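**Q** Here you go, entry-v7.txt (compact mmCIF, C-alpha atoms):
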# COMPACT_ATOMS: atom_id res chain seq x y z
CA MET A 1 0.00 0.00 0.00
CA GLY A 2 2.86 2.34 0.89
CA ALA A 3 4.51 1.81 -2.52
CA THR A 4 1.33 2.65 -4.32
CA PHE A 5 0.92 5.98 -2.48
CA THR A 6 4.54 6.84 -3.19
CA GLY A 7 4.04 6.25 -6.92
CA LEU A 8 0.98 8.45 -7.00
CA ALA A 9 2.79 11.23 -5.24
CA ALA A 10 5.69 11.04 -7.65
CA THR A 11 3.35 11.17 -10.64
CA ALA A 12 1.65 14.30 -9.30
CA PHE A 13 5.00 15.95 -8.72
CA GLY A 14 6.10 15.18 -12.26
CA LEU A 15 3.02 16.81 -13.83
CA ALA A 16 3.15 20.05 -11.80
CA PRO A 17 5.88 21.86 -13.87
CA LEU A 18 3.72 21.58 -17.04
CA ALA A 19 1.43 24.43 -15.79
CA PRO A 20 2.60 27.93 -16.97
CA ASP A 21 3.80 30.51 -14.46
CA ALA A 22 1.18 33.34 -14.29
CA ALA A 23 3.96 35.93 -13.97
CA ASP A 24 5.26 34.99 -17.43
CA LEU A 25 1.88 35.49 -19.19
CA PRO A 26 1.39 38.71 -21.31
CA GLN A 27 -0.70 41.48 -19.66
CA GLN A 28 -2.89 44.20 -21.24
CA VAL A 29 -4.90 47.07 -19.65
CA ILE A 30 -8.22 47.96 -21.33
CA THR A 31 -10.15 51.14 -20.38
CA GLN A 32 -13.77 51.63 -21.55
CA THR A 33 -16.35 54.27 -20.57
CA LEU A 34 -19.85 52.85 -19.91
CA ALA A 35 -22.95 55.02 -20.29
CA PRO A 36 -25.83 54.25 -17.86
CA ALA A 37 -28.81 52.62 -19.54
CA VAL A 38 -31.14 55.10 -17.79
CA ASP A 39 -30.83 58.64 -16.48
CA VAL A 40 -29.67 58.25 -12.85
CA GLN A 41 -30.59 61.84 -12.02
CA ALA A 42 -34.11 61.30 -13.31
CA GLN A 43 -34.38 58.19 -11.15
CA LEU A 44 -33.29 60.11 -8.05
CA GLU A 45 -35.80 62.88 -8.75
CA ALA A 46 -38.60 60.34 -9.26
CA LEU A 47 -37.68 58.62 -6.01
CA ALA A 48 -37.80 61.94 -4.16
CA ASP A 49 -41.28 62.62 -5.57
CA ALA A 50 -42.59 59.12 -4.70
CA ARG A 51 -45.22 59.00 -1.98
CA LEU A 52 -44.03 56.86 0.92
CA GLU A 53 -46.71 54.54 2.35
CA LEU A 54 -46.27 52.83 5.69
CA PHE A 55 -48.26 49.82 6.94
CA ARG A 56 -48.77 48.83 10.57
CA SER A 57 -51.04 46.22 12.22
CA ASP A 58 -52.49 45.88 15.72
CA VAL A 59 -55.63 44.69 17.50
CA THR A 60 -58.23 46.80 19.28
CA ARG A 61 -58.35 46.71 23.07
CA LYS A 62 -61.29 46.89 25.46
CA GLN A 63 -60.60 50.45 26.68
CA ASP A 64 -59.37 51.83 23.36
CA THR A 65 -60.18 55.31 22.11
CA VAL A 66 -59.45 56.47 18.57
CA GLU A 67 -56.38 58.28 19.89
CA THR A 68 -54.89 55.28 21.74
CA LEU A 69 -55.39 53.02 18.72
CA PHE A 70 -53.90 55.63 16.37
CA SER A 71 -50.92 56.03 18.69
CA ARG A 72 -50.09 52.31 18.45
CA LEU A 73 -50.57 52.40 14.68
CA GLY A 74 -48.28 55.43 14.25
CA VAL A 75 -51.15 57.52 12.86
CA ASN A 76 -51.44 61.26 13.50
CA ASP A 77 -54.62 62.42 11.76
CA ALA A 78 -57.26 64.53 13.54
CA GLU A 79 -59.52 64.53 10.47
CA ALA A 80 -59.59 60.71 10.30
CA ALA A 81 -60.18 60.48 14.07
CA LYS A 82 -63.15 62.84 13.77
CA PHE A 83 -64.63 60.76 10.94
CA ILE A 84 -64.39 57.56 13.01
CA ARG A 85 -66.18 59.20 15.95
CA GLN A 86 -68.99 60.59 13.78
CA ASP A 87 -69.61 57.98 11.05
CA LYS A 88 -72.09 55.22 11.97
CA LEU A 89 -70.15 52.44 10.22
CA ALA A 90 -66.71 53.73 11.22
CA ARG A 91 -67.73 53.66 14.91
CA LYS A 92 -67.96 49.86 14.64
CA LEU A 93 -64.15 49.90 14.83
CA LEU A 94 -64.26 50.42 18.60
CA GLU A 95 -67.79 49.20 19.37
CA GLY A 96 -68.64 45.67 20.50
CA ARG A 97 -65.96 43.12 21.24
CA ALA A 98 -62.29 44.02 21.27
CA GLN A 99 -59.50 42.11 19.48
CA LYS A 100 -60.48 43.32 16.02
CA MET A 101 -57.53 42.88 13.64
CA VAL A 102 -56.60 46.32 12.28
CA ARG A 103 -54.24 47.24 9.45
CA ALA A 104 -53.51 50.90 8.75
CA LYS A 105 -51.86 52.50 5.72
CA ALA A 106 -50.42 55.98 6.32
CA ASP A 107 -48.01 58.36 4.64
CA ALA A 108 -44.63 59.44 6.04
CA SER A 109 -46.24 62.20 8.13
CA GLY A 110 -48.68 59.80 9.80
CA ARG A 111 -51.66 60.91 7.73
CA LEU A 112 -54.07 57.98 7.42
CA ILE A 113 -54.75 56.73 3.88
CA GLU A 114 -56.74 53.57 4.60
CA LEU A 115 -57.72 51.46 7.58
CA VAL A 116 -59.10 47.89 7.39
CA ALA A 117 -60.49 46.02 10.41
CA ARG A 118 -61.38 42.33 10.37
CA TYR A 119 -63.43 40.59 13.06
CA PRO A 120 -65.97 37.75 13.55
CA SER A 121 -68.99 37.85 11.28
CA GLU A 122 -71.83 40.02 12.51
CA GLN A 123 -74.20 37.39 11.11
CA ARG A 124 -74.38 34.65 13.77
CA ASN A 125 -75.25 31.90 11.28
CA LEU A 126 -72.02 32.64 9.36
CA ALA A 127 -69.72 32.96 12.39
CA ASP A 128 -67.90 29.68 11.64
CA THR A 129 -67.25 30.35 7.94
CA HIS A 130 -67.13 34.12 7.35
CA PHE A 131 -65.74 37.33 8.81
CA THR A 132 -66.66 41.01 8.72
CA ARG A 133 -64.37 43.46 6.92
CA LEU A 134 -64.68 47.16 7.80
CA THR A 135 -62.84 49.48 5.39
CA LEU A 136 -62.24 53.21 5.91
CA ALA A 137 -60.68 54.93 2.88
CA ARG A 138 -59.59 58.48 2.07
CA ALA A 139 -60.61 59.92 -1.30
CA PRO A 140 -60.32 63.44 -2.82
CA GLU A 141 -63.95 64.09 -1.94
CA GLY A 142 -63.53 62.89 1.65
CA TRP A 143 -63.68 59.73 3.77
CA SER A 144 -65.81 56.68 2.99
CA SER A 145 -66.73 53.60 5.01
CA ARG A 146 -68.10 50.21 4.06
CA VAL A 147 -68.77 46.87 5.76
CA GLU A 148 -68.58 43.54 3.93
CA THR A 149 -68.99 39.89 4.83
CA ALA A 150 -66.21 37.74 3.38
CA GLU A 151 -65.42 34.04 3.48
CA LEU A 152 -62.65 32.70 5.71
CA GLN A 153 -59.92 30.74 3.94
CA SER A 154 -58.13 27.70 5.35
CA ARG A 155 -54.73 26.07 5.12
CA VAL A 156 -53.53 22.79 6.61
CA GLN A 157 -51.18 22.93 9.61
CA LEU A 158 -49.23 20.14 11.34
CA GLY A 159 -48.12 20.07 14.96
CA SER A 160 -47.53 17.97 18.05
CA GLY A 161 -46.79 18.33 21.73
CA THR A 162 -46.30 16.68 25.11
CA ILE A 163 -48.38 17.16 28.23
CA ARG A 164 -46.43 18.69 31.12
CA SER A 165 -49.20 20.42 33.06
CA SER A 166 -52.37 20.66 30.95
CA LEU A 167 -53.64 20.16 27.41
CA PHE A 168 -54.03 23.90 26.84
CA ALA A 169 -50.49 24.59 28.08
CA ALA A 170 -49.15 21.96 25.68
CA THR A 171 -50.99 23.40 22.67
CA ASP A 172 -49.81 26.90 23.71
CA ASP A 173 -46.22 25.60 23.70
CA ALA A 174 -46.83 24.21 20.20
CA GLN A 175 -48.33 27.58 19.15
CA MET A 176 -51.73 26.06 18.35
CA PRO A 177 -55.05 27.84 18.93
CA ASP A 178 -57.00 26.98 22.10
CA ALA A 179 -59.84 25.84 19.85
CA ILE A 180 -57.68 22.94 18.64
CA ALA A 181 -57.18 21.78 22.24
CA SER A 182 -60.95 22.00 22.79
CA GLN A 183 -61.63 19.95 19.68
CA MET A 184 -59.14 17.23 20.63
CA ALA A 185 -60.72 16.98 24.08
CA GLU A 186 -64.12 16.66 22.40
CA ILE A 187 -62.98 14.09 19.82
CA PHE A 188 -61.43 11.78 22.40
CA SER A 189 -63.93 12.44 25.21
CA GLY A 190 -65.34 8.92 24.78
CA ASP A 191 -61.87 7.42 25.30
CA ILE A 192 -60.21 9.77 27.80
CA ASP A 193 -61.55 11.67 30.80
CA PHE A 194 -59.49 14.83 30.34
CA HIS A 195 -60.37 16.04 33.84
CA ARG A 196 -59.04 12.96 35.67
CA GLU A 197 -57.06 10.70 33.33
CA LEU A 198 -54.59 13.09 31.65
CA LYS A 199 -51.00 12.13 32.54
CA ARG A 200 -47.73 14.02 32.46
CA GLY A 201 -45.83 12.69 29.44
CA ASP A 202 -48.95 12.02 27.35
CA SER A 203 -48.45 13.23 23.79
CA PHE A 204 -50.44 14.23 20.74
CA SER A 205 -50.01 14.86 17.02
CA VAL A 206 -52.55 16.78 15.00
CA VAL A 207 -53.37 17.85 11.45
CA TYR A 208 -55.71 20.85 11.48
CA GLU A 209 -57.05 23.73 9.45
CA SER A 210 -55.78 27.23 10.18
CA LEU A 211 -58.32 29.89 9.18
CA THR A 212 -57.28 33.21 7.68
CA ALA A 213 -59.06 36.46 6.85
CA ASP A 214 -57.61 38.02 3.70
CA GLY A 215 -54.49 35.93 4.30
CA GLU A 216 -54.10 37.07 7.92
CA PRO A 217 -54.30 34.30 10.57
CA ILE A 218 -57.33 35.03 12.74
CA ASN A 219 -56.93 35.48 16.49
CA TRP A 220 -60.48 34.89 17.64
CA ASN A 221 -61.99 31.55 18.68
CA GLN A 222 -65.56 32.03 17.48
CA ALA A 223 -64.38 30.71 14.13
CA ALA A 224 -61.78 28.00 14.44
CA GLY A 225 -60.23 25.64 11.94
CA ARG A 226 -61.27 22.01 12.17
CA VAL A 227 -59.06 19.17 13.40
CA LEU A 228 -58.64 16.89 10.36
CA ALA A 229 -56.67 14.10 12.04
CA ALA A 230 -55.30 13.54 15.53
CA GLU A 231 -53.45 10.97 17.59
CA PHE A 232 -53.41 11.09 21.38
CA VAL A 233 -51.24 8.81 23.51
CA ASN A 234 -52.74 8.62 27.01
CA ASN A 235 -51.06 6.47 29.66
CA GLY A 236 -49.42 4.39 26.91
CA ARG A 237 -52.65 3.80 24.95
CA VAL A 238 -52.89 5.21 21.42
CA HIS A 239 -56.14 6.84 20.28
CA GLN A 240 -56.59 8.06 16.69
CA ALA A 241 -59.28 9.96 14.82
CA ILE A 242 -59.83 11.45 11.38
CA TRP A 243 -62.57 13.75 10.06
CA PHE A 244 -64.77 12.43 7.26
CA LYS A 245 -67.95 13.88 5.79
CA ASP A 246 -70.43 11.55 4.10
CA PRO A 247 -73.48 12.82 2.15
CA GLN A 248 -75.46 13.28 5.40
CA ARG A 249 -73.03 14.81 7.90
CA GLY A 250 -69.41 14.92 9.00
CA SER A 251 -67.95 13.01 11.95
CA TYR A 252 -64.76 11.55 13.40
CA TYR A 253 -63.71 7.92 12.92
CA ASP A 254 -60.71 5.77 13.73
CA PHE A 255 -58.64 4.54 10.78
CA GLY A 256 -60.73 1.39 10.54
CA GLY A 257 -63.94 3.36 10.03
CA LYS A 258 -65.32 3.01 13.57
CA SER A 259 -67.10 6.20 14.57
CA LYS A 260 -65.79 8.31 17.44
CA ARG A 261 -69.14 10.10 17.59
CA ARG A 262 -71.68 8.55 19.87
CA ALA A 263 -75.40 9.18 20.07
CA PHE A 264 -74.73 11.49 23.07
CA LEU A 265 -71.84 13.94 23.55
CA ALA A 266 -69.93 13.71 26.81
CA SER A 267 -70.41 17.42 27.55
CA PRO A 268 -72.94 20.16 26.68
CA MET A 269 -70.04 22.59 26.24
CA GLU A 270 -66.67 22.64 24.59
CA PHE A 271 -63.80 21.67 26.91
CA SER A 272 -64.62 23.26 30.27
CA ARG A 273 -64.13 22.81 34.00
CA VAL A 274 -66.40 20.45 35.96
CA THR A 275 -67.13 22.21 39.25
CA SER A 276 -69.52 19.62 40.70
CA GLY A 277 -70.05 16.05 39.56
CA PHE A 278 -72.88 13.54 39.77
CA ALA A 279 -72.61 12.60 43.47
CA MET A 280 -73.53 13.56 47.03
CA ARG A 281 -72.24 17.02 47.92
CA PHE A 282 -72.57 19.79 50.49
CA HIS A 283 -75.03 22.19 48.86
CA PRO A 284 -73.55 25.73 48.78
CA ILE A 285 -76.96 27.42 49.26
CA HIS A 286 -78.99 24.98 51.39
CA GLN A 287 -75.90 24.30 53.54
CA ARG A 288 -76.48 20.56 53.89
CA LEU A 289 -75.47 17.29 52.27
CA MET A 290 -77.63 16.61 49.21
CA ALA A 291 -77.54 14.44 46.10
CA HIS A 292 -76.35 16.35 43.05
CA THR A 293 -78.44 15.02 40.19
CA GLY A 294 -76.38 16.45 37.36
CA VAL A 295 -72.99 17.89 36.43
CA ASP A 296 -72.01 21.56 36.82
CA TYR A 297 -69.64 23.17 34.33
CA GLY A 298 -67.98 26.42 35.34
CA ALA A 299 -67.66 28.95 32.51
CA PRO A 300 -68.02 32.70 31.91
CA VAL A 301 -71.44 34.19 31.24
CA GLY A 302 -72.27 33.96 27.55
CA THR A 303 -70.31 30.76 26.86
CA PRO A 304 -72.36 28.71 24.35
CA ALA A 305 -74.32 25.71 25.65
CA ARG A 306 -75.21 22.98 23.15
CA THR A 307 -77.49 19.99 22.99
CA VAL A 308 -75.69 16.67 23.43
CA ALA A 309 -77.86 14.78 20.92
CA ASP A 310 -80.51 15.17 18.25
CA GLY A 311 -83.95 15.79 19.67
CA THR A 312 -86.95 18.08 20.15
CA VAL A 313 -87.14 21.00 22.59
CA GLU A 314 -89.71 19.99 25.22
CA PHE A 315 -89.35 23.10 27.41
CA ALA A 316 -87.68 26.49 26.95
CA GLY A 317 -88.17 29.15 29.60
CA TRP A 318 -88.01 29.88 33.33
CA GLN A 319 -88.23 26.95 35.74
CA GLY A 320 -87.96 27.92 39.43
CA GLY A 321 -84.51 27.47 40.95
CA TYR A 322 -83.16 26.29 37.60
CA GLY A 323 -83.69 29.78 36.16
CA ASN A 324 -83.64 29.91 32.38
CA THR A 325 -83.89 26.27 31.36
CA VAL A 326 -84.02 24.14 28.21
CA ILE A 327 -85.19 20.51 28.22
CA VAL A 328 -84.61 18.41 25.10
CA ARG A 329 -86.32 15.05 24.49
CA HIS A 330 -84.33 12.34 22.73
CA GLY A 331 -86.72 9.60 21.71
CA ALA A 332 -89.32 8.08 23.99
CA ASP A 333 -87.31 7.59 27.17
CA LYS A 334 -84.44 10.11 27.39
CA THR A 335 -84.30 13.83 28.17
CA THR A 336 -81.49 16.29 28.91
CA LEU A 337 -81.76 19.51 30.93
CA TYR A 338 -79.65 22.70 30.67
CA ALA A 339 -80.15 25.18 33.54
CA HIS A 340 -79.11 28.64 34.85
CA LEU A 341 -78.81 29.97 31.28
CA SER A 342 -78.30 33.69 30.67
CA ARG A 343 -80.10 33.35 27.36
CA VAL A 344 -82.34 30.76 25.66
CA ASP A 345 -81.83 30.43 21.89
CA VAL A 346 -84.48 27.81 21.04
CA ARG A 347 -88.25 27.49 21.44
CA ARG A 348 -90.58 24.69 22.45
CA GLY A 349 -91.22 22.16 19.68
CA GLU A 350 -88.07 23.05 17.73
CA ARG A 351 -85.97 20.21 16.29
CA VAL A 352 -82.30 20.44 17.29
CA GLN A 353 -79.22 18.56 16.13
CA GLN A 354 -76.34 17.26 18.21
CA GLY A 355 -73.94 20.09 18.99
CA GLN A 356 -76.42 22.85 18.17
CA ARG A 357 -76.34 25.95 20.37
CA ILE A 358 -79.45 26.11 22.58
CA GLY A 359 -78.45 28.96 24.92
CA ALA A 360 -75.61 30.53 26.89
CA VAL A 361 -74.12 30.05 30.35
CA GLY A 362 -75.46 32.30 33.09
CA ALA A 363 -76.33 32.45 36.79
CA THR A 364 -80.12 32.68 36.71
CA GLY A 365 -82.30 30.99 39.32
CA THR A 366 -80.65 29.54 42.43
CA ALA A 367 -76.95 29.85 41.54
CA THR A 368 -73.91 31.17 43.37
CA GLY A 369 -72.08 32.05 40.17
CA PRO A 370 -72.05 31.55 36.41
CA HIS A 371 -72.18 27.89 35.42
CA LEU A 372 -74.20 25.38 33.42
CA HIS A 373 -76.14 22.71 35.33
CA PHE A 374 -76.68 19.67 33.10
CA GLU A 375 -78.88 16.65 33.77
CA PHE A 376 -79.48 13.38 31.92
CA ARG A 377 -82.68 11.47 32.62
CA VAL A 378 -83.87 8.02 31.48
CA ASN A 379 -87.59 7.42 32.03
CA GLY A 380 -87.53 10.36 34.44
CA ARG A 381 -84.68 8.90 36.52
CA HIS A 382 -81.40 10.82 36.84
CA VAL A 383 -78.27 9.07 35.57
CA ASP A 384 -74.61 10.11 35.41
CA PRO A 385 -74.27 12.08 32.13
CA LEU A 386 -70.64 11.04 31.62
CA LYS A 387 -71.46 7.34 31.95
CA ALA A 388 -74.51 7.71 29.70
CA ALA A 389 -72.37 9.28 26.98
CA ARG A 390 -69.72 6.57 27.17
CA ASN A 391 -72.31 3.81 27.02
CA ALA A 392 -74.14 5.33 24.06
CA ALA A 393 -73.89 3.48 20.76
CA PRO A 394 -71.51 4.93 18.13
CA VAL A 395 -72.92 6.32 14.89
CA PRO A 396 -71.86 3.87 12.11
CA LEU A 397 -70.18 4.81 8.82
CA ALA A 398 -72.48 4.37 5.81
CA GLU A 399 -71.27 1.34 3.84
CA GLN A 400 -71.51 3.18 0.50
CA SER A 401 -69.05 5.78 1.82
CA ARG A 402 -66.35 3.28 2.88
CA GLY A 403 -64.29 3.54 -0.35
CA ALA A 404 -64.05 7.33 -0.17
CA PHE A 405 -63.34 7.08 3.56
CA MET A 406 -60.39 4.70 3.12
CA ALA A 407 -58.83 6.92 0.44
CA GLN A 408 -59.05 9.98 2.69
CA ALA A 409 -57.80 7.98 5.68
CA GLU A 410 -54.63 6.99 3.83
CA LEU A 411 -53.88 10.60 2.91
CA LEU A 412 -54.44 11.85 6.47
CA ARG A 413 -52.38 9.00 7.93
CA THR A 414 -49.39 10.23 5.93
CA LYS A 415 -49.85 13.80 7.19
CA LEU A 416 -50.30 12.59 10.77
CA ASN A 417 -47.05 10.60 10.55
CA VAL A 418 -45.24 13.79 9.50
CA ALA A 419 -46.89 15.73 12.33
CA SER A 420 -45.62 13.18 14.87
CA THR A 421 -42.02 14.07 13.96
CA LEU A 422 -42.55 17.69 15.03
CA VAL A 423 -42.54 17.06 18.82
CA GLY A 424 -41.07 20.16 20.43
CA ASP A 425 -41.59 22.11 17.21
CA SER A 426 -44.10 24.91 16.77
CA GLY A 427 -45.80 23.15 13.88
CA ARG A 428 -45.76 24.05 10.24
CA GLY A 429 -47.95 24.57 7.22
CA ASP A 430 -48.48 21.86 4.69
Now that the file is in, can you turn its structure into structure tokens?

**A**
Amino acid sequence: MGATFTGLAATAFGLAPLAPDAADLPQQVITQTLAPAVDVQAQLEALADARLELFRSDVTRKQDTVETLFSRLGVNDAEAAKFIRQDKLARKLLEGRAQKMVRAKADASGRLIELVARYPSEQRNLADTHFTRLTLARAPEGWSSRVETAELQSRVQLGSGTIRSSLFAATDDAQMPDAIASQMAEIFSGDIDFHRELKRGDSFSVVYESLTADGEPINWNQAAGRVLAAEFVNNGRVHQAIWFKDPQRGSYYDFGGKSKRRAFLASPMEFSRVTSGFAMRFHPIHQRLMAHTGVDYGAPVGTPARTVADGTVEFAGWQGGYGNTVIVRHGADKTTLYAHLSRVDVRRGERVQQGQRIGAVGATGTATGPHLHFEFRVNGRHVDPLKAARNAAPVPLAEQSRGAFMAQAELLRTKLNVASTLVGDSGRGD
């Protein structure tokens, strides 16, 4: 081996002198004047005359005035401020809920040219699919304002995380919206009791839609992208789900086509805090030990309450200590009750579908604070709502939809496998 290397080295040395010495090569200096293709002075003058436009974005705050919002946006324009205070449409900018997404265009002096605000749709029936766009624009003849309803757009996002303290903390760490945590808790509610069975070290991977308004990611939860596929590992057990919509309705299934949706939801609200379960308890008002015939869910006033199954509204109105109450009948033998509502959104005799909003959380009747009292009755007898939901039969996949389901399942499985590699990452678009 040593002889071979020596021979190669000698060969290289013998070839080196064949290359010419750069110092011996002839040299020549060439000088040429180049004329610019365009007039540089004209370009500089045009640039000086160009109108500089600056863009800045922010969100409205609860105590905002026109001046405080303009200050954060770098706008200094008394005329525009006056228009916003006086124009009926322009006043919507600071009326109602805060957290409106605002984008301002101004010139170099801070004079406002255009302002666009985007926020949840003012039409309740479009809140999940559309948004409201408020546009204020300057024109030679003065300011104009207009309000439009536009469709939200979606893109697919991938992400994953590990439970260290709570599900919401884990999705925050992965920079996912709270609504995605709520949906995962809902999807796997028949498999995992997220109030008692969540373990440190549990993990999840998720493929979900991220909704945007004019290309801007939305920061409100009234309209949230849907979870398309998810895997949750709880105490070593793997639970999976994918979204599939057949001709009748959409639902979640495992990869084999077994439905995750049961005839009854586990909760009449999205992921919330159980403040009192179905058991004996010391009654906070009567000050004695009494049977608690339902489940209480603590939530702020106005939080939507939904029916846990398809049915017909049997009662909607005031009922003694229950306050504003809705009772829904599900077939011949089952009813559910929703009490202490701040508002009732259905009427007696109305048909309702599983998950439909029937009112909002309140503290009416005999209540020490805002919460939803929920009862499940079979032939008039109270039963534990959580057990009733878990024991309910799953909704089967229509056989004629199985081919389309399997094709979609294979595609989502691939995306979910990629999402599982992003543990510790903030997620990414697809």

**Q** Could you check how far atom CA of Asp310 of chain A sits from atom CA of Gly331 of chain A, in Å to one decimal?

**A**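 A separation of 9.0 Å between them.
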
**Q** Just the number, please: distance in Å from atom CA of Arg261 of chain A to atom CA of Leu412 of chain A, one decimal.

**A**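 It comes out at 18.5 Å.
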
**Q** Do you know which residues lie at most 9 Å from (-52.1, 52.4, 4.5), with coordinates as in the file and only C-alpha atoms counted, and could you write them as a list in words?

**A**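 Residues with an atom at most 9 Å from (-52.1, 52.4, 4.5): Glu53, Leu54, Phe55, Arg56, Arg103, Ala104, Lys105, Ala106, Asp107, Leu112, Ile113, Glu114, Leu115 and Val116 of chain A.
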
**Q** Give me the residues near Val156 of chain A as a list in words, where near means some atom within 12 Å (using all atoms listed in the file) and where sequence neighbours in that chain fewer than 6 positions away do not count.

**A**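 That gives Val206, Val207, Tyr208, Glu209, Ser210, Leu211, Thr212, Gly225, Arg226, Val227, Leu228, Ala229, Leu412, Lys415, Leu416, Ala419, Gly427, Arg428, Gly429 and Asp430 of chain A.
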
**Q** Near Val378 of chain A, counting all atoms listed in the file, which residues have an atom at most 6 Å away, once you skip same-chain residues fewer than 3 positions from it, shown as a PDB file with C-alpha atoms, in the frame of the given file?

**A**
ATOM      1  CA  ASP A 333     -87.310   7.590  27.170  1.00  0.00           C
ATOM      2  CA  LYS A 334     -84.440  10.110  27.390  1.00  0.00           C
ATOM      3  CA  ARG A 381     -84.680   8.900  36.520  1.00  0.00           C
TER       4      ARG A 381
END

**Q** Rank A:Gly250, A:Gly362, A:Pro385, A:Gly349 by their smallest atom-to-atom distance to Gly298 of chain A, using all atoms listed in the file, and report the top residue only.

**A** A:Gly362

**Q** Here is a test: counting all atoms listed in the file, which residue of A:Leu337, A:Val75, A:Ala90, A:Ala108 is nearest to Leu52 of chain A?

**A**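 Looking at the shortest contact to Leu52 of chain A, the residue is A:Ala108.
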
**Q** Just how far from atom CA of Val238 of chain A is atom CA of Ala169 of chain A, in Å to one decimal?

**A**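 So the two atoms, atom CA of Ala169 of chain A and atom CA of Val238 of chain A, lie 20.6 Å apart.
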
**Q** Go through A:Ala185, A:Val346, A:Gln99, A:Glu314 and flag the residue nearest Thr171 of chain A, using all atoms listed in the file for the distances.

**A**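 The closest residue to Thr171 of chain A is A:Ala185.
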
**Q** Find the residues near segment 339-344 of chain A: any atom within 9 Å, counting only C-alpha atoms, skip ones fewer than 3 places away on the same chain, and give them as a ChimeraX atom specification.

**A** /A:301-302,305,316-317,319,321-327,347,358-367,370-375

**Q** When you get a chance, write out N, CA and C atoms for segment 352-365 of chain A, as a tab-separated table (two decimals), keeping the file's coordinate frame.

**A**
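Result file follows (part_2.tsv):
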chain	number	residue	atom	x	y	z
A	352	VAL	N	-83.69	20.03	17.13
A	352	VAL	CA	-82.30	20.44	17.29
A	352	VAL	C	-81.39	19.26	16.95
A	353	GLN	N	-80.20	19.58	16.48
A	353	GLN	CA	-79.22	18.56	16.13
A	353	GLN	C	-78.09	18.54	17.16
A	354	GLN	N	-77.45	17.40	17.28
A	354	GLN	CA	-76.34	17.26	18.21
A	354	GLN	C	-75.30	18.36	17.99
A	355	GLY	N	-74.92	19.03	19.08
A	355	GLY	CA	-73.94	20.09	18.99
A	355	GLY	C	-74.50	21.46	18.71
A	356	GLN	N	-75.81	21.56	18.48
A	356	GLN	CA	-76.42	22.85	18.17
A	356	GLN	C	-76.51	23.73	19.42
A	357	ARG	N	-76.25	25.00	19.26
A	357	ARG	CA	-76.34	25.95	20.37
A	357	ARG	C	-77.80	26.13	20.78
A	358	ILE	N	-78.08	25.95	22.09
A	358	ILE	CA	-79.45	26.11	22.58
A	358	ILE	C	-79.57	27.26	23.58
A	359	GLY	N	-78.44	27.85	23.97
A	359	GLY	CA	-78.45	28.96	24.92
A	359	GLY	C	-77.04	29.32	25.32
A	360	ALA	N	-76.93	30.08	26.42
A	360	ALA	CA	-75.61	30.53	26.89
A	360	ALA	C	-75.54	30.44	28.41
A	361	VAL	N	-74.36	30.18	28.91
A	361	VAL	CA	-74.12	30.05	30.35
A	361	VAL	C	-74.51	31.33	31.08
A	362	GLY	N	-75.09	31.16	32.27
A	362	GLY	CA	-75.46	32.30	33.09
A	362	GLY	C	-75.47	31.93	34.56
A	363	ALA	N	-76.22	32.70	35.35
A	363	ALA	CA	-76.33	32.45	36.79
A	363	ALA	C	-77.76	32.73	37.24
A	364	THR	N	-78.73	32.42	36.37
A	364	THR	CA	-80.12	32.68	36.71
A	364	THR	C	-80.65	31.61	37.65
A	365	GLY	N	-81.73	31.94	38.36
A	365	GLY	CA	-82.30	30.99	39.32
A	365	GLY	C	-81.44	30.90	40.57
